[in-house]
Protein chains: 4
Amino acid sequence: MKNTAILLINCPDRKGIVLAIARFLYEHGANIIHSDQHRDDALGLFFLRVEWALEDFDLDELTFREQFVPVAFQFAMSWKVEYCNKTPVIAIFVSNYLHCLVDLLHRHQTGELKCEIGLITSNHQSATSLAEYYGIPFYYLPVTAEIKPEVEIEQLELLARHSVDLIVLARYMQVLSAGFVTKYPEQIINVHHSFLPAFTGAKPYHAAFARGVKLIGSTSHYVTEILDEGPIIEQDVTRISHRDQLEDLIQKGRDLERVVLSRAVRWHLDHRILCYANKTVVFD
Amino acid sequence: MKNTAILLINCPDRKGIVLAIARFLYEHGANIIHSDQHRDDALGLFFLRVEWALEDFDLDELTFREQFVPVAFQFAMSWKVEYCNKTPVIAIFVSNYLHCLVDLLHRHQTGELKCEIGLITSNHQSATSLAEYYGIPFYYLPVTAEIKPEVEIEQLELLARHSVDLIVLARYMQVLSAGFVTKYPEQIINVHHSFLPAFTGAKPYHAAFARGVKLIGSTSHYVTEILDEGPIIEQDVTRISHRDQLEDLIQKGRDLERVVLSRAVRWHLDHRILCYANKTVVFD
Amino acid sequence: MKNTAILLINCPDRKGIVLAIARFLYEHGANIIHSDQHRDDALGLFFLRVEWALEDFDLDELTFREQFVPVAFQFAMSWKVEYCNKTPVIAIFVSNYLHCLVDLLHRHQTGELKCEIGLITSNHQSATSLAEYYGIPFYYLPVTAEIKPEVEIEQLELLARHSVDLIVLARYMQVLSAGFVTKYPEQIINVHHSFLPAFTGAKPYHAAFARGVKLIGSTSHYVTEILDEGPIIEQDVTRISHRDQLEDLIQKGRDLERVVLSRAVRWHLDHRILCYANKTVVFD
Amino acid sequence: MKNTAILLINCPDRKGIVLAIARFLYEHGANIIHSDQHRDDALGLFFLRVEWALEDFDLDELTFREQFVPVAFQFAMSWKVEYCNKTPVIAIFVSNYLHCLVDLLHRHQTGELKCEIGLITSNHQSATSLAEYYGIPFYYLPVTAEIKPEVEIEQLELLARHSVDLIVLARYMQVLSAGFVTKYPEQIINVHHSFLPAFTGAKPYHAAFARGVKLIGSTSHYVTEILDEGPIIEQDVTRISHRDQLEDLIQKGRDLERVVLSRAVRWHLDHRILCYANKTVVFD
């Protein structure tokens, strides 16, 4: 685990912001490792992500949160700081398609995803043996329209019990209620198997096939109360031709889904994503 | 100019089609240069494109059209044959953005597009000097809502006078009437500056910017009576990030538009495109 | 399993080939499902892949092999026929990096790869539990320069015992001897972690990083006696920037390797690849 | 023309650099518009590009160059500052293939390239009318091995007379001498029609075709004394198949060359490129 801290900032653009932050960090002994900033010209907003080594830094997380307040106040900043000295916990929700789950589990094992996988839950039993193989608690919670409210309560209890920081919907074929979603703002990542905003809703590969597109896509995004409308984190596409039948689209799409979802999860865990205006800034 | 002929076929799939065509061509001395076929499993349809050298072939175009009738009848074929011994004529419609026009003109000059550019017409005068430089007749026809019907009559007269086979809308910012479109079925190619079906209609780059997509696209398609709904010929995308402002999308998009439109025009001129079910088969 | 047969042909181009084959197949009751052909203009060669349903076909594999001889002789064809009524067996060779293995195992499980995985062998023990989880025989055969000849004999015995049709080197970090390779011509597929012919040999990501390329690639190819020089089956690339350090290249490259290797394996199993002049024709 | 200045810095990484620069700029009234930095972990180097509005800035270019010296000295910086209040002048060298030239001229006309095209020179006469159409001085300088030294002297005189800041080799098929190259360090951009370091030297499409690659590429780079070995600025690739004959590679490659070269020129003109260790940092 890296012994660093990350500060994310979002505020109206004006002179002196960079100087104020550079001075604050320097005076407390920070050795800046990465820094990236962005300006939205149209909205006049300034965004910053800065990461520094904690080695010689003289503020712990609590003290930072106190002492940074005047700087933040002066520039009307929205901000958050993350000390990377505790491992974030993720939960994976899955249904019957397991390719994204297999992918996430292997990436986690190779160290690509810096987190603990606290639990896997599914409305099917197909992932049971995989979860067992990787030694991760698995909860089988079948869902029907009638019992969905109760299931969500169970799910929320599981998330709380495992102190989950991020929920990954790895081809989970159930729609979460607005009540559920609002409990985890910008903490639920979904993969939708189309190039959003094309082909929202169910069966996007069928719709893409019917429309005769020449590329199919996949999109990872934060989940909001409006289905398929949350801030897009990552998208990718692959070429198809008239030779590709529906099952070929589904198969080629699986490769996209895995890549697009895993990138989103990694970037989230690296605190590289900042949301505003229903969009994302993904710092490099 | 290649001295070849091309046969395009679309019929219900059954045994013996390939044999019947192979025999017909062989018996008349055809040397097959390319042949490509496709089966739509879901619809049970068979598609074929075959190109042969005319050197030793003993049927001229008229005789072919007569003698092939029994074969076509036996298999209930939709078919067309093209003898590549006359140069097709295209018309380019353009407004104020000239990048696609410049591109097509240069590709034509280098021999990439096997056609004659019969005329350029525009509702603006900005293309005048380019047309002059390349020695192509230019017609300036300003359009307003009131005079659009008359303008379309003028355009149709121009197309007839120049014996135009294909109309290329190279960022022509006017919508053609249904009456106009039906006169040139599968003979009008448009480029839409989005990854259709996302962002139909006006100002797709603005819409893409607002939605926060991570890729922008471009689509070339045949024009039908329903705007942006015709059979897609080609699509391509390019990556953008939060750093790209609206003007960056527009600039990056120009490179897509040129490539996507010119491919569609080239494939059409090579008789490689076959439409069915509002989709295209693009033979390699 | 599909009940079909596939014929692959490679011969000098001349009139009548398509007719001869179409007639032969038709007369024996074949219902052609796919057919694809290619001409190498420079070399004057003709290539064909045709797949038909065996349902009404009146020749079994042995009889086909006899009766097709005169047709093949007439046109001086190199040819092979494959009746898809037995499952091909593959062996996976792996070292310490397991991402390609994990990927192949999952694709096999989802039915994407139509084969039996007869065995996994490795010079390390890291894949033991994965092999066990998927229920595949695993052979741990450590290799040093001194004992390599004996190890290869053991490997060859294993391959024979399991009737292996295809060997997949899924990041196997040992070079196979020429003697070994010649026993499995066009039956060994390797993935090289660079865009060949750039960065042949060891440590291609290091070399790519040092050269400052803006894209990294991956290549799957048949193994021949000359290292990294066999016929290329598939390649893909991904964008990197100055921000990507060596470990980022390695991580991004893993996603390429998996995709590029699995495509090659699938196409080989589908009998879609034809080699000539140290190149491949990959029929769609 | 934007009324901004750009500072590019390259120095050993240590605490306080960002603060020192932020303070210096703030104290002189700079409104920072863009700022991007990079750390090469392996080499311990720090890179920065910062752009600010000159509106309220109280230092002119000369005074900046004096007053910044102590800051630069303190951190052992290599640095350069560019005040964007004069238009840079470029020269385009071309031979018989004009697609890159056509592309650059049109991009210049649409405002995509912020520069003056001071001159076009060629060892052929094919570009004469294009230069005339766009109103750019054209110099026809035929080259043979014997007279090459004299031609280079003429070229250098032309460059001096037109105060050229950047030389663009837009498919110029002559190798410039080391003597010539060293006069314009990091000021000559070439496009090589392969994915370097694959297929260096002459006829890369022929070599790619012979090797049977599945993707072809294009590379723009700064020219150094060693042919095809200079720092890579941009690369891109496109997919080909066995169906693509040599002429198809050449045609598809043209689209890559145009895009890859024009991006490099634009980034250079925006002072976004920083070279070190024979690589480039291209700030976003």
# chains A, B, ... in the order shown; residues from 1 in each chain; ligands from 1
$ interface_residues --of "chain B" --to "chain A" --cutoff "8 Å" --atoms "only C-alpha atoms" --output "VMD selection string"
chain B and resid 38 to 41 196 to 199 211 to 215 231 to 236 241 to 243 245 278 to 282
$ write_last_selection --atoms "N, CA and C atoms" --output "tab-separated table (two decimals), in the first residue's frame"
chain	number	residue	atom	x	y	z
B	38	HIS	N	-22.76	-13.91	-48.06
B	38	HIS	CA	-23.18	-13.73	-46.67
B	38	HIS	C	-24.54	-14.36	-46.50
B	39	ARG	N	-24.76	-14.93	-45.32
B	39	ARG	CA	-26.04	-15.52	-44.97
B	39	ARG	C	-26.56	-14.84	-43.74
B	40	ASP	N	-27.78	-14.37	-43.78
B	40	ASP	CA	-28.41	-13.88	-42.55
B	40	ASP	C	-29.17	-15.06	-41.97
B	41	ASP	N	-28.61	-15.65	-40.92
B	41	ASP	CA	-29.20	-16.87	-40.35
B	41	ASP	C	-30.62	-16.62	-39.86
B	196	LEU	N	-24.39	7.38	-34.47
B	196	LEU	CA	-25.82	7.06	-34.48
B	196	LEU	C	-26.06	5.66	-33.89
B	197	PRO	N	-27.16	5.43	-33.19
B	197	PRO	CA	-28.31	6.31	-33.02
B	197	PRO	C	-28.19	7.32	-31.87
B	198	ALA	N	-27.03	7.46	-31.28
B	198	ALA	CA	-26.89	8.50	-30.25
B	198	ALA	C	-26.85	9.86	-30.94
B	199	PHE	N	-27.49	10.84	-30.33
B	199	PHE	CA	-27.38	12.22	-30.78
B	199	PHE	C	-27.84	12.43	-32.22
B	211	ARG	N	-23.53	15.49	-22.46
B	211	ARG	CA	-23.72	14.18	-21.84
B	211	ARG	C	-22.44	13.65	-21.20
B	212	GLY	N	-21.30	14.23	-21.59
B	212	GLY	CA	-20.05	13.78	-20.98
B	212	GLY	C	-19.57	12.44	-21.48
B	213	VAL	N	-19.78	12.14	-22.77
B	213	VAL	CA	-19.28	10.87	-23.32
B	213	VAL	C	-17.75	10.89	-23.39
B	214	LYS	N	-17.17	9.71	-23.49
B	214	LYS	CA	-15.71	9.59	-23.52
B	214	LYS	C	-15.19	9.27	-24.92
B	215	LEU	N	-16.10	9.06	-25.84
B	215	LEU	CA	-15.75	8.86	-27.25
B	215	LEU	C	-16.74	9.65	-28.08
B	231	PRO	N	-29.99	3.32	-43.56
B	231	PRO	CA	-29.04	2.23	-43.33
B	231	PRO	C	-27.62	2.77	-43.12
B	232	ILE	N	-27.00	2.34	-42.05
B	232	ILE	CA	-25.65	2.81	-41.70
B	232	ILE	C	-24.63	2.10	-42.59
B	233	ILE	N	-23.73	2.88	-43.16
B	233	ILE	CA	-22.68	2.29	-44.01
B	233	ILE	C	-21.38	2.13	-43.23
B	234	GLU	N	-21.02	3.19	-42.49
B	234	GLU	CA	-19.75	3.12	-41.78
B	234	GLU	C	-19.82	4.04	-40.57
B	235	GLN	N	-19.07	3.65	-39.53
B	235	GLN	CA	-18.98	4.47	-38.32
B	235	GLN	C	-17.57	4.41	-37.79
B	236	ASP	N	-17.17	5.45	-37.13
B	236	ASP	CA	-15.89	5.42	-36.44
B	236	ASP	C	-15.96	6.37	-35.25
B	241	SER	N	-11.49	13.44	-23.75
B	241	SER	CA	-11.43	13.43	-22.29
B	241	SER	C	-12.08	14.70	-21.77
B	242	HIS	N	-12.10	14.81	-20.46
B	242	HIS	CA	-12.67	16.02	-19.85
B	242	HIS	C	-11.93	17.28	-20.30
B	243	ARG	N	-10.71	17.11	-20.78
B	243	ARG	CA	-9.93	18.27	-21.22
B	243	ARG	C	-10.47	18.86	-22.52
B	245	GLN	N	-12.79	20.60	-24.81
B	245	GLN	CA	-13.92	21.51	-24.80
B	245	GLN	C	-14.72	21.30	-26.09
B	278	ASN	N	-33.15	-2.27	-43.63
B	278	ASN	CA	-32.57	-1.00	-43.14
B	278	ASN	C	-31.15	-1.13	-42.58
B	279	LYS	N	-30.43	-2.15	-43.07
B	279	LYS	CA	-29.02	-2.35	-42.72
B	279	LYS	C	-28.22	-2.43	-44.01
B	280	THR	N	-26.91	-2.45	-43.87
B	280	THR	CA	-26.07	-2.67	-45.06
B	280	THR	C	-25.21	-3.90	-44.87
B	281	VAL	N	-25.03	-4.62	-45.95
B	281	VAL	CA	-23.94	-5.58	-46.08
B	281	VAL	C	-22.86	-4.84	-46.86
B	282	VAL	N	-21.66	-4.74	-46.29
B	282	VAL	CA	-20.55	-4.12	-47.03
B	282	VAL	C	-19.55	-5.23	-47.33
$ residues_around --residues "Asn96 (chain C)" --least-positions-apart "4" --cutoff "10 Å" --atoms "only C-alpha atoms" --output "JSON, numbers by chain"
{"C": [122, 123, 124, 125, 126, 127, 171, 172, 173]}
$ residues_around --residues "Phe180 (chain C)" --least-positions-apart "6" --cutoff "9 Å" --atoms "only C-alpha atoms" --output "list in words"
Glu152, Ile153, Leu156 and Glu225 of chain C
$ residues_around --residues "Ala91 (chain A)" --least-positions-apart "4" --cutoff "10 Å" --atoms "only C-alpha atoms" --output "list in words"
Glu116, Ile117, Gly118, Leu119, Ile120, Thr121, Pro137, Leu158, Leu159, His162, Ser163, Val164, Asp165, Leu166, Ile167, Val168, Leu169, Ala170 and Ile188 of chain A
$ write_last_selection --atoms "all heavy atoms" --output "short mmCIF file (atom, residue, chain, number, x, y, z; two decimals), in the first residue's frame"
data_model
loop_
_atom_site.label_atom_id
_atom_site.label_comp_id
_atom_site.auth_asym_id
_atom_site.auth_seq_id
_atom_site.Cartn_x
_atom_site.Cartn_y
_atom_site.Cartn_z
N GLU A 116 -10.00 -4.50 -0.89
CA GLU A 116 -10.44 -5.80 -0.39
C GLU A 116 -11.81 -6.07 -1.01
O GLU A 116 -12.65 -5.16 -1.07
CB GLU A 116 -10.56 -5.72 1.13
CG GLU A 116 -10.99 -7.01 1.78
CD GLU A 116 -11.44 -6.78 3.22
OE1 GLU A 116 -10.88 -5.86 3.88
OE2 GLU A 116 -12.38 -7.47 3.65
N ILE A 117 -12.01 -7.29 -1.51
CA ILE A 117 -13.35 -7.63 -1.99
C ILE A 117 -14.10 -8.22 -0.81
O ILE A 117 -13.88 -9.37 -0.41
CB ILE A 117 -13.29 -8.62 -3.17
CG1 ILE A 117 -12.46 -8.00 -4.32
CG2 ILE A 117 -14.71 -8.94 -3.67
CD1 ILE A 117 -12.33 -8.87 -5.54
N GLY A 118 -14.95 -7.40 -0.21
CA GLY A 118 -15.59 -7.78 1.04
C GLY A 118 -16.64 -8.86 0.86
O GLY A 118 -16.81 -9.72 1.72
N LEU A 119 -17.33 -8.79 -0.27
CA LEU A 119 -18.40 -9.77 -0.47
C LEU A 119 -18.82 -9.77 -1.94
O LEU A 119 -18.63 -8.79 -2.66
CB LEU A 119 -19.61 -9.44 0.40
CG LEU A 119 -20.39 -8.17 0.08
CD1 LEU A 119 -21.73 -8.50 -0.57
CD2 LEU A 119 -20.60 -7.38 1.35
N ILE A 120 -19.38 -10.91 -2.32
CA ILE A 120 -20.07 -11.04 -3.61
C ILE A 120 -21.51 -11.42 -3.28
O ILE A 120 -21.75 -12.28 -2.42
CB ILE A 120 -19.43 -12.15 -4.46
CG1 ILE A 120 -17.96 -11.80 -4.78
CG2 ILE A 120 -20.21 -12.38 -5.75
CD1 ILE A 120 -17.16 -12.95 -5.36
N THR A 121 -22.45 -10.76 -3.95
CA THR A 121 -23.83 -11.17 -3.77
C THR A 121 -24.48 -11.34 -5.13
O THR A 121 -24.10 -10.67 -6.09
CB THR A 121 -24.63 -10.20 -2.88
OG1 THR A 121 -25.96 -10.71 -2.73
CG2 THR A 121 -24.70 -8.81 -3.46
N PRO A 137 -16.60 -14.07 0.86
CA PRO A 137 -17.96 -14.36 1.33
C PRO A 137 -18.98 -14.16 0.21
O PRO A 137 -18.94 -13.13 -0.49
CB PRO A 137 -18.19 -13.34 2.45
CG PRO A 137 -16.82 -12.97 2.91
CD PRO A 137 -15.93 -13.09 1.71
N LEU A 158 -25.78 -6.09 4.66
CA LEU A 158 -24.51 -6.73 4.30
C LEU A 158 -23.43 -5.69 4.02
O LEU A 158 -22.28 -5.81 4.46
CB LEU A 158 -24.69 -7.60 3.04
CG LEU A 158 -25.37 -8.95 3.21
CD1 LEU A 158 -25.63 -9.57 1.85
CD2 LEU A 158 -24.49 -9.86 4.06
N LEU A 159 -23.81 -4.67 3.28
CA LEU A 159 -22.86 -3.62 2.93
C LEU A 159 -22.35 -2.92 4.18
O LEU A 159 -21.16 -2.62 4.31
CB LEU A 159 -23.52 -2.61 1.99
CG LEU A 159 -23.96 -3.18 0.62
CD1 LEU A 159 -24.80 -2.15 -0.14
CD2 LEU A 159 -22.76 -3.59 -0.21
N HIS A 162 -20.01 -5.21 6.25
CA HIS A 162 -18.67 -5.36 5.66
C HIS A 162 -17.98 -4.02 5.43
O HIS A 162 -16.92 -3.98 4.81
CB HIS A 162 -18.77 -6.14 4.34
CG HIS A 162 -19.06 -7.60 4.52
ND1 HIS A 162 -18.08 -8.53 4.75
CD2 HIS A 162 -20.22 -8.29 4.51
CE1 HIS A 162 -18.62 -9.74 4.86
NE2 HIS A 162 -19.93 -9.61 4.73
N SER A 163 -18.60 -2.92 5.90
CA SER A 163 -18.01 -1.58 5.74
C SER A 163 -17.62 -1.31 4.29
O SER A 163 -16.49 -0.90 3.99
CB SER A 163 -16.78 -1.42 6.62
OG SER A 163 -17.08 -1.72 7.95
N VAL A 164 -18.56 -1.54 3.40
CA VAL A 164 -18.26 -1.43 1.98
C VAL A 164 -18.18 0.04 1.54
O VAL A 164 -19.03 0.85 1.90
CB VAL A 164 -19.35 -2.18 1.16
CG1 VAL A 164 -19.30 -1.79 -0.31
CG2 VAL A 164 -19.17 -3.67 1.34
N ASP A 165 -17.14 0.35 0.77
CA ASP A 165 -16.94 1.71 0.27
C ASP A 165 -17.43 1.89 -1.16
O ASP A 165 -17.68 3.00 -1.60
CB ASP A 165 -15.44 2.05 0.31
CG ASP A 165 -14.87 1.98 1.70
OD1 ASP A 165 -15.28 2.78 2.54
OD2 ASP A 165 -14.04 1.08 1.97
N LEU A 166 -17.47 0.80 -1.89
CA LEU A 166 -17.82 0.88 -3.31
C LEU A 166 -18.59 -0.37 -3.73
O LEU A 166 -18.17 -1.48 -3.41
CB LEU A 166 -16.54 0.98 -4.16
CG LEU A 166 -16.74 0.92 -5.68
CD1 LEU A 166 -17.44 2.19 -6.19
CD2 LEU A 166 -15.42 0.73 -6.40
N ILE A 167 -19.69 -0.17 -4.44
CA ILE A 167 -20.48 -1.28 -4.96
C ILE A 167 -20.26 -1.38 -6.47
O ILE A 167 -20.41 -0.37 -7.19
CB ILE A 167 -21.98 -1.05 -4.68
CG1 ILE A 167 -22.21 -0.96 -3.16
CG2 ILE A 167 -22.83 -2.15 -5.31
CD1 ILE A 167 -23.54 -0.33 -2.80
N VAL A 168 -19.88 -2.55 -6.93
CA VAL A 168 -19.63 -2.75 -8.36
C VAL A 168 -20.71 -3.68 -8.92
O VAL A 168 -20.83 -4.84 -8.50
CB VAL A 168 -18.24 -3.38 -8.59
CG1 VAL A 168 -18.01 -3.59 -10.08
CG2 VAL A 168 -17.16 -2.49 -7.99
N LEU A 169 -21.50 -3.15 -9.85
CA LEU A 169 -22.54 -3.96 -10.49
C LEU A 169 -21.92 -4.60 -11.73
O LEU A 169 -21.80 -3.98 -12.78
CB LEU A 169 -23.74 -3.10 -10.87
CG LEU A 169 -24.35 -2.25 -9.74
CD1 LEU A 169 -25.59 -1.51 -10.24
CD2 LEU A 169 -24.68 -3.09 -8.52
N ALA A 170 -21.48 -5.85 -11.58
CA ALA A 170 -20.74 -6.54 -12.63
C ALA A 170 -21.71 -7.38 -13.45
O ALA A 170 -21.69 -8.59 -13.39
CB ALA A 170 -19.64 -7.41 -11.99
N ILE A 188 -21.56 3.70 -6.50
CA ILE A 188 -22.04 2.50 -7.21
C ILE A 188 -21.62 2.64 -8.67
O ILE A 188 -21.96 3.64 -9.32
CB ILE A 188 -23.57 2.36 -7.13
CG1 ILE A 188 -24.05 2.47 -5.68
CG2 ILE A 188 -24.02 1.03 -7.75
CD1 ILE A 188 -25.57 2.45 -5.54
#
$ residues_around --residues "Phe68 (chain B)" --least-positions-apart "6" --cutoff "10 Å" --atoms "only C-alpha atoms" --output "list in words"
Ile21, Phe24, Leu25, Trp79 and Val81 of chain B
$ write_last_selection --atoms "N, CA, C and O atoms" --output "CSV table (one decimal), in the first residue's frame"
chain,number,residue,atom,x,y,z
B,21,ILE,N,-24.9,-19.9,-60.2
B,21,ILE,CA,-24.2,-18.7,-60.6
B,21,ILE,C,-22.8,-19.1,-61.1
B,21,ILE,O,-22.4,-18.6,-62.2
B,24,PHE,N,-23.3,-20.5,-64.6
B,24,PHE,CA,-23.7,-19.4,-65.6
B,24,PHE,C,-22.4,-18.6,-66.0
B,24,PHE,O,-22.2,-18.4,-67.2
B,25,LEU,N,-21.7,-18.2,-65.0
B,25,LEU,CA,-20.5,-17.3,-65.3
B,25,LEU,C,-19.5,-18.1,-66.0
B,25,LEU,O,-18.9,-17.6,-67.0
B,79,TRP,N,-31.6,-8.8,-57.8
B,79,TRP,CA,-30.3,-8.7,-58.3
B,79,TRP,C,-30.0,-7.5,-59.1
B,79,TRP,O,-31.0,-6.8,-59.6
B,81,VAL,N,-26.8,-6.0,-61.9
B,81,VAL,CA,-25.5,-6.2,-62.5
B,81,VAL,C,-24.9,-4.8,-62.9
B,81,VAL,O,-25.7,-3.9,-63.3
$ select_by_dssp --residues "region 80-110 of chain B" --states "strand (DSSP E)" --output "PDB file with N, CA and C atoms, in the first residue's frame"
ATOM      1  N   LYS B  80     -28.773  -7.076 -59.171  1.00  0.00           N
ATOM      2  CA  LYS B  80     -28.390  -6.051 -60.134  1.00  0.00           C
ATOM      3  C   LYS B  80     -26.989  -6.343 -60.654  1.00  0.00           C
ATOM      4  N   VAL B  81     -26.781  -5.987 -61.888  1.00  0.00           N
ATOM      5  CA  VAL B  81     -25.459  -6.193 -62.486  1.00  0.00           C
ATOM      6  C   VAL B  81     -24.918  -4.830 -62.896  1.00  0.00           C
ATOM      7  N   GLU B  82     -23.618  -4.653 -62.715  1.00  0.00           N
ATOM      8  CA  GLU B  82     -22.979  -3.388 -63.081  1.00  0.00           C
ATOM      9  C   GLU B  82     -21.781  -3.686 -63.965  1.00  0.00           C
ATOM     10  N   TYR B  83     -21.804  -3.194 -65.166  1.00  0.00           N
ATOM     11  CA  TYR B  83     -20.616  -3.288 -66.024  1.00  0.00           C
ATOM     12  C   TYR B  83     -19.780  -2.031 -65.783  1.00  0.00           C
ATOM     13  N   VAL B  89     -21.103   9.215 -62.089  1.00  0.00           N
ATOM     14  CA  VAL B  89     -21.031  10.664 -61.842  1.00  0.00           C
ATOM     15  C   VAL B  89     -21.602  10.953 -60.460  1.00  0.00           C
ATOM     16  N   ILE B  90     -20.865  11.727 -59.661  1.00  0.00           N
ATOM     17  CA  ILE B  90     -21.392  12.097 -58.351  1.00  0.00           C
ATOM     18  C   ILE B  90     -21.599  13.604 -58.269  1.00  0.00           C
ATOM     19  N   ALA B  91     -22.525  13.991 -57.405  1.00  0.00           N
ATOM     20  CA  ALA B  91     -22.729  15.414 -57.083  1.00  0.00           C
ATOM     21  C   ALA B  91     -22.446  15.589 -55.601  1.00  0.00           C
ATOM     22  N   ILE B  92     -21.756  16.660 -55.276  1.00  0.00           N
ATOM     23  CA  ILE B  92     -21.463  16.934 -53.866  1.00  0.00           C
ATOM     24  C   ILE B  92     -22.268  18.150 -53.413  1.00  0.00           C
ATOM     25  N   PHE B  93     -23.039  17.960 -52.356  1.00  0.00           N
ATOM     26  CA  PHE B  93     -23.795  19.051 -51.742  1.00  0.00           C
ATOM     27  C   PHE B  93     -23.045  19.477 -50.484  1.00  0.00           C
ATOM     28  N   VAL B  94     -22.856  20.775 -50.325  1.00  0.00           N
ATOM     29  CA  VAL B  94     -22.043  21.242 -49.216  1.00  0.00           C
ATOM     30  C   VAL B  94     -22.618  22.552 -48.690  1.00  0.00           C
TER      31      VAL B  94
END
